[in-house]
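**Student:** Got a structure here, written out as structure tokens. Questions coming.
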Amino acid sequence: MSNALSDLLAKRDWLLADGATGTNLFNMGLASGDAPELWNADAQDKIRTLYRNAVDAGSDLFLTNTFGGNASRLKLHDAQGRVHELNRLGAALGREIADKSGRTVIVAGSVGPTGDIMSPMGSLTHELAVEMFHEQAEGLKDGGADVLWVETISAPEEYKAAAEAAALAGMPWCGTMSFDTAGRTMMGVTSAAMSQMVHKLKHKPLAFGANCGVGASDLLRTVLGFVEAGSELPIIAKGNAGIPKYHDGHIHYDGTPALMADYAVLARDCGARIIGGCCGTMPEHLRAMREALETRAPGPRPTLEAITQALGGFSSAVDGTEEGSDTDSRRARTSGRRRRSEA
């Protein structure tokens, strides 16, 4: 089935995604604890600015302001009855900006986790998760999103429910998980396990990968895990702009535009096809990333040493791939040597 994202991937070696949503909206006045999705109705010019800033900085793809747009998350703000409306508006504002850009820009309907724990550990059943994701997907579809963008997922059961919901909505989709616990998601999924799961899905994503997590170095180590698992699908890298630090009453990410430019090139050389930023990534970071991707020639697949030299050390000595494999042993030894030399 032809769709805008697949068509663009067929023409381009890499695509630049967008940066942070929350960080940018906080800079526009969003208060901590408020639901960003309500701005799709109440502060539409600010959401247009969010999208336009990404496009003007060179993004080929941007995410809608709908990360927490499912019934479970919106219930915290007594807005669970507005799922379709808020998702439709978030996508429609994106469609407006993309269509005015003068080039092909993909509107990706952001679908974040429900915030609930899947059964049997928690109360969220597969059927209810599918229902919530499907409701959100239909709103994004009606607003004109080109693709659903499932992100920051930790549990494989929730990822599978989102895939089923995308199929019910008749929508192409992409999906990333967040690897933030020694190379694993919060629910213990490794890069190799995610790759195996994705390739077994009946309704496969157009692309898959990692977002958020700890830092750019760790995320690229995860990308290498996807590549070494033998992925048949395009890989997504959407890392944070450095490490979060508390400064003058707010969270600040220490990644400079120059560091994110290095990250973008390394991500491409690691094997990622869709490259963007997550928390802390501002338009100035995106501009530097775009320039670097356009002007720096592709290089060989970077070693772990090259990644840490450019972006800083890993947060853990191992990356979570299965114990006992030759690949895992090599990585653990390499990472360990680098960390000891930095100590």
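Residues in the structure tokens are numbered from 1 in each chain, the chains being A, B, ... in the order shown, and ligands are numbered from 1 in the order shown.
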List as JSON, numbers by chain the protein and nucleic acid residues near range 154-157 of chain A, meaning an atom at most 8 Å away when only C-alpha atoms are counted, but skip any in the same chain fewer than 6 places from it.

**Tutor:** {"A": [118, 126, 177, 178, 179, 185, 186, 187, 188, 189, 194, 197]}

**Student:** Any idea what's packed within 8 Å of range 129-134 of chain A, counting only C-alpha atoms, ignoring anything in its chain fewer than 2 positions away? Could you give it as a ChimeraX atom specification?

**Tutor:** /A:70-72,111,114,124-127,136-138,158,161-162,164-166,168-169

**Student:** Pull all heavy atoms from the residues just selected and write them as a compact mmCIF listing (two decimals), in the first residue's frame.

**Tutor:**
```
# COMPACT_ATOMS: atom_id res chain seq x y z
N ASN A 70 -4.93 9.94 24.78
CA ASN A 70 -5.83 8.79 24.96
C ASN A 70 -6.74 9.03 26.16
O ASN A 70 -6.49 9.91 27.00
CB ASN A 70 -5.02 7.50 25.10
CG ASN A 70 -4.07 7.53 26.29
OD1 ASN A 70 -4.51 7.48 27.44
ND2 ASN A 70 -2.76 7.60 26.01
N ALA A 71 -7.80 8.23 26.26
CA ALA A 71 -8.80 8.45 27.30
C ALA A 71 -8.23 8.34 28.70
O ALA A 71 -8.63 9.08 29.61
CB ALA A 71 -9.95 7.46 27.12
N SER A 72 -7.29 7.44 28.91
CA SER A 72 -6.72 7.25 30.24
C SER A 72 -5.95 8.47 30.70
O SER A 72 -6.08 8.92 31.85
CB SER A 72 -5.81 6.02 30.25
OG SER A 72 -5.29 5.79 31.54
N VAL A 111 1.10 9.03 19.36
CA VAL A 111 0.32 8.17 20.24
C VAL A 111 1.26 7.69 21.34
O VAL A 111 2.12 6.84 21.12
CB VAL A 111 -0.26 6.96 19.47
CG1 VAL A 111 -1.00 6.03 20.42
CG2 VAL A 111 -1.18 7.43 18.34
N THR A 114 -0.57 4.69 27.55
CA THR A 114 -1.78 5.00 28.31
C THR A 114 -1.47 5.48 29.72
O THR A 114 -2.29 6.14 30.35
CB THR A 114 -2.69 3.77 28.42
OG1 THR A 114 -2.00 2.75 29.16
CG2 THR A 114 -3.05 3.25 27.04
N LEU A 124 -4.97 -2.90 33.05
CA LEU A 124 -5.26 -2.59 31.65
C LEU A 124 -5.26 -3.85 30.80
O LEU A 124 -4.21 -4.48 30.60
CB LEU A 124 -4.24 -1.58 31.10
CG LEU A 124 -4.45 -1.14 29.64
CD1 LEU A 124 -5.79 -0.44 29.46
CD2 LEU A 124 -3.30 -0.24 29.19
N THR A 125 -6.42 -4.23 30.29
CA THR A 125 -6.51 -5.41 29.44
C THR A 125 -6.13 -5.08 28.01
O THR A 125 -6.14 -3.90 27.60
CB THR A 125 -7.94 -5.97 29.43
OG1 THR A 125 -8.82 -5.00 28.82
CG2 THR A 125 -8.41 -6.28 30.84
N HIS A 126 -5.81 -6.09 27.24
CA HIS A 126 -5.47 -5.89 25.83
C HIS A 126 -6.64 -5.25 25.09
O HIS A 126 -6.44 -4.31 24.31
CB HIS A 126 -5.12 -7.24 25.19
CG HIS A 126 -4.88 -7.17 23.72
ND1 HIS A 126 -3.70 -6.72 23.17
CD2 HIS A 126 -5.70 -7.48 22.67
CE1 HIS A 126 -3.79 -6.76 21.86
NE2 HIS A 126 -4.99 -7.21 21.52
N GLU A 127 -7.82 -5.73 25.35
CA GLU A 127 -9.00 -5.22 24.65
C GLU A 127 -9.23 -3.73 24.93
O GLU A 127 -9.55 -2.95 24.02
CB GLU A 127 -10.24 -6.02 25.06
CG GLU A 127 -10.24 -7.46 24.58
CD GLU A 127 -9.33 -8.36 25.39
OE1 GLU A 127 -8.91 -7.96 26.51
OE2 GLU A 127 -9.02 -9.48 24.91
N GLN A 136 -8.19 7.03 19.60
CA GLN A 136 -7.24 8.10 19.30
C GLN A 136 -6.85 8.09 17.82
O GLN A 136 -6.77 9.13 17.17
CB GLN A 136 -6.01 7.95 20.19
CG GLN A 136 -5.01 9.09 20.05
CD GLN A 136 -3.85 8.97 21.02
OE1 GLN A 136 -3.69 7.96 21.70
NE2 GLN A 136 -3.02 10.00 21.07
N ALA A 137 -6.62 6.90 17.29
CA ALA A 137 -6.21 6.77 15.90
C ALA A 137 -7.26 7.31 14.94
O ALA A 137 -6.93 7.96 13.93
CB ALA A 137 -5.91 5.31 15.57
N GLU A 138 -8.51 7.08 15.24
CA GLU A 138 -9.58 7.57 14.36
C GLU A 138 -9.62 9.09 14.35
O GLU A 138 -9.88 9.71 13.30
CB GLU A 138 -10.93 6.99 14.79
CG GLU A 138 -11.08 5.49 14.55
CD GLU A 138 -11.17 5.12 13.08
OE1 GLU A 138 -11.28 6.01 12.22
OE2 GLU A 138 -11.13 3.90 12.77
N GLU A 158 1.59 -3.42 25.24
CA GLU A 158 1.00 -2.15 24.84
C GLU A 158 1.37 -1.81 23.40
O GLU A 158 0.56 -1.29 22.64
CB GLU A 158 1.44 -1.03 25.80
CG GLU A 158 0.58 0.22 25.70
CD GLU A 158 0.78 1.17 26.87
OE1 GLU A 158 1.89 1.17 27.48
OE2 GLU A 158 -0.15 1.92 27.18
N ALA A 161 -0.88 -3.84 21.22
CA ALA A 161 -2.23 -3.29 21.22
C ALA A 161 -2.31 -2.08 20.28
O ALA A 161 -3.30 -1.91 19.55
CB ALA A 161 -2.65 -2.89 22.63
N ALA A 162 -1.28 -1.25 20.28
CA ALA A 162 -1.25 -0.09 19.39
C ALA A 162 -1.19 -0.53 17.92
O ALA A 162 -1.83 0.08 17.06
CB ALA A 162 -0.06 0.80 19.72
N GLU A 164 -2.47 -3.28 16.71
CA GLU A 164 -3.80 -3.76 16.37
C GLU A 164 -4.77 -2.60 16.13
O GLU A 164 -5.60 -2.64 15.22
CB GLU A 164 -4.32 -4.66 17.49
CG GLU A 164 -5.63 -5.36 17.16
CD GLU A 164 -6.02 -6.39 18.20
OE1 GLU A 164 -5.11 -7.00 18.80
OE2 GLU A 164 -7.23 -6.58 18.41
N ALA A 165 -4.64 -1.56 16.94
CA ALA A 165 -5.50 -0.38 16.78
C ALA A 165 -5.23 0.31 15.45
O ALA A 165 -6.16 0.77 14.78
CB ALA A 165 -5.28 0.58 17.93
N ALA A 166 -3.97 0.39 15.06
CA ALA A 166 -3.63 1.00 13.77
C ALA A 166 -4.26 0.21 12.63
O ALA A 166 -4.76 0.79 11.65
CB ALA A 166 -2.11 1.06 13.61
N LEU A 168 -7.02 -1.58 12.82
CA LEU A 168 -8.45 -1.32 12.85
C LEU A 168 -8.80 0.01 12.20
O LEU A 168 -9.84 0.15 11.56
CB LEU A 168 -8.96 -1.34 14.30
CG LEU A 168 -9.03 -2.70 14.99
CD1 LEU A 168 -9.37 -2.54 16.47
CD2 LEU A 168 -10.04 -3.61 14.30
N ALA A 169 -7.92 0.98 12.38
CA ALA A 169 -8.14 2.31 11.79
C ALA A 169 -7.73 2.36 10.32
O ALA A 169 -7.98 3.37 9.66
CB ALA A 169 -7.37 3.36 12.58
```

**Student:** Select from range 197-257 of chain A everything DSSP, run on the backbone, classes as strand (DSSP E or B), then give the selection as a PyMOL selection string.

**Tutor:** chain A and resi 207-212+235-239+244-247+250-253

**Student:** The selected residues should be written to file as a short mmCIF file (atom, residue, chain, number, x, y, z; two decimals), in the first residue's frame (atoms: N, CA, C and O atoms).

**Tutor:**
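Output saved as result01.cif:
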```cif
data_model
loop_
_atom_site.label_atom_id
_atom_site.label_comp_id
_atom_site.auth_asym_id
_atom_site.auth_seq_id
_atom_site.Cartn_x
_atom_site.Cartn_y
_atom_site.Cartn_z
N ALA A 207 8.32 1.76 10.09
CA ALA A 207 9.65 1.92 10.67
C ALA A 207 9.51 1.75 12.17
O ALA A 207 8.43 1.94 12.73
N PHE A 208 10.60 1.39 12.83
CA PHE A 208 10.57 1.22 14.28
C PHE A 208 11.90 1.65 14.85
O PHE A 208 12.88 1.82 14.13
N GLY A 209 11.94 1.84 16.16
CA GLY A 209 13.20 2.23 16.76
C GLY A 209 13.06 2.66 18.20
O GLY A 209 12.26 2.11 18.95
N ALA A 210 13.88 3.67 18.57
CA ALA A 210 13.96 4.10 19.96
C ALA A 210 13.81 5.61 20.04
O ALA A 210 14.26 6.34 19.16
N ASN A 211 13.21 6.06 21.14
CA ASN A 211 13.15 7.49 21.41
C ASN A 211 13.35 7.73 22.90
O ASN A 211 13.21 6.82 23.71
N CYS A 212 13.66 8.95 23.24
CA CYS A 212 13.83 9.39 24.62
C CYS A 212 14.94 8.60 25.30
O CYS A 212 16.06 8.55 24.82
N ILE A 235 14.88 2.05 10.47
CA ILE A 235 15.07 2.25 11.91
C ILE A 235 14.98 3.73 12.25
O ILE A 235 15.48 4.59 11.52
N ILE A 236 14.36 4.01 13.38
CA ILE A 236 14.16 5.37 13.88
C ILE A 236 15.09 5.62 15.05
O ILE A 236 15.23 4.79 15.95
N ALA A 237 15.73 6.79 15.06
CA ALA A 237 16.52 7.25 16.20
C ALA A 237 16.02 8.64 16.59
O ALA A 237 16.10 9.57 15.79
N LYS A 238 15.51 8.76 17.80
CA LYS A 238 14.98 10.05 18.26
C LYS A 238 15.44 10.25 19.69
O LYS A 238 14.72 9.96 20.64
N GLY A 239 16.67 10.72 19.84
CA GLY A 239 17.30 10.81 21.14
C GLY A 239 17.16 12.18 21.79
O GLY A 239 16.96 13.20 21.13
N PRO A 244 19.33 15.56 31.12
CA PRO A 244 18.59 16.58 31.86
C PRO A 244 19.29 16.96 33.16
O PRO A 244 19.78 16.11 33.90
N LYS A 245 19.33 18.27 33.43
CA LYS A 245 19.92 18.77 34.67
C LYS A 245 19.01 19.85 35.24
O LYS A 245 18.43 20.64 34.49
N TYR A 246 18.90 19.89 36.56
CA TYR A 246 18.05 20.88 37.22
C TYR A 246 18.85 22.16 37.40
O TYR A 246 19.93 22.16 37.98
N HIS A 247 18.31 23.25 36.86
CA HIS A 247 19.06 24.51 36.90
C HIS A 247 18.08 25.68 37.01
O HIS A 247 17.17 25.82 36.18
N HIS A 250 14.28 24.85 36.84
CA HIS A 250 13.68 24.10 35.74
C HIS A 250 14.68 23.07 35.20
O HIS A 250 15.87 23.14 35.49
N ILE A 251 14.16 22.14 34.43
CA ILE A 251 14.99 21.10 33.83
C ILE A 251 15.61 21.64 32.54
O ILE A 251 14.92 22.19 31.68
N HIS A 252 16.91 21.47 32.42
CA HIS A 252 17.64 21.93 31.24
C HIS A 252 18.43 20.75 30.66
O HIS A 252 19.06 20.00 31.39
N TYR A 253 18.36 20.59 29.35
CA TYR A 253 19.13 19.55 28.67
C TYR A 253 20.42 20.15 28.15
O TYR A 253 20.42 21.21 27.51
#
```

**Student:** List every residue of range 134-319 of chain A that DSSP, applied to the backbone of this structure, assigns to alpha helix (DSSP H), and report them as a PyMOL selection string.

**Tutor:** chain A and resi 134-143+156-169+191-200+216-228+257-270+283-295+304-311

**Student:** May I ask which of the residues A:Leu74, A:Leu30, A:Met282, A:Met121 is the closest one to Ala57 in chain A, counting only C-alpha atoms?

**Tutor:** A:Met282

**Student:** Grab the CA of Arg88 in chain A to CA of Lys141 in chain A distance for me, in Å with one decimal place.

**Tutor:** 7.3 Å
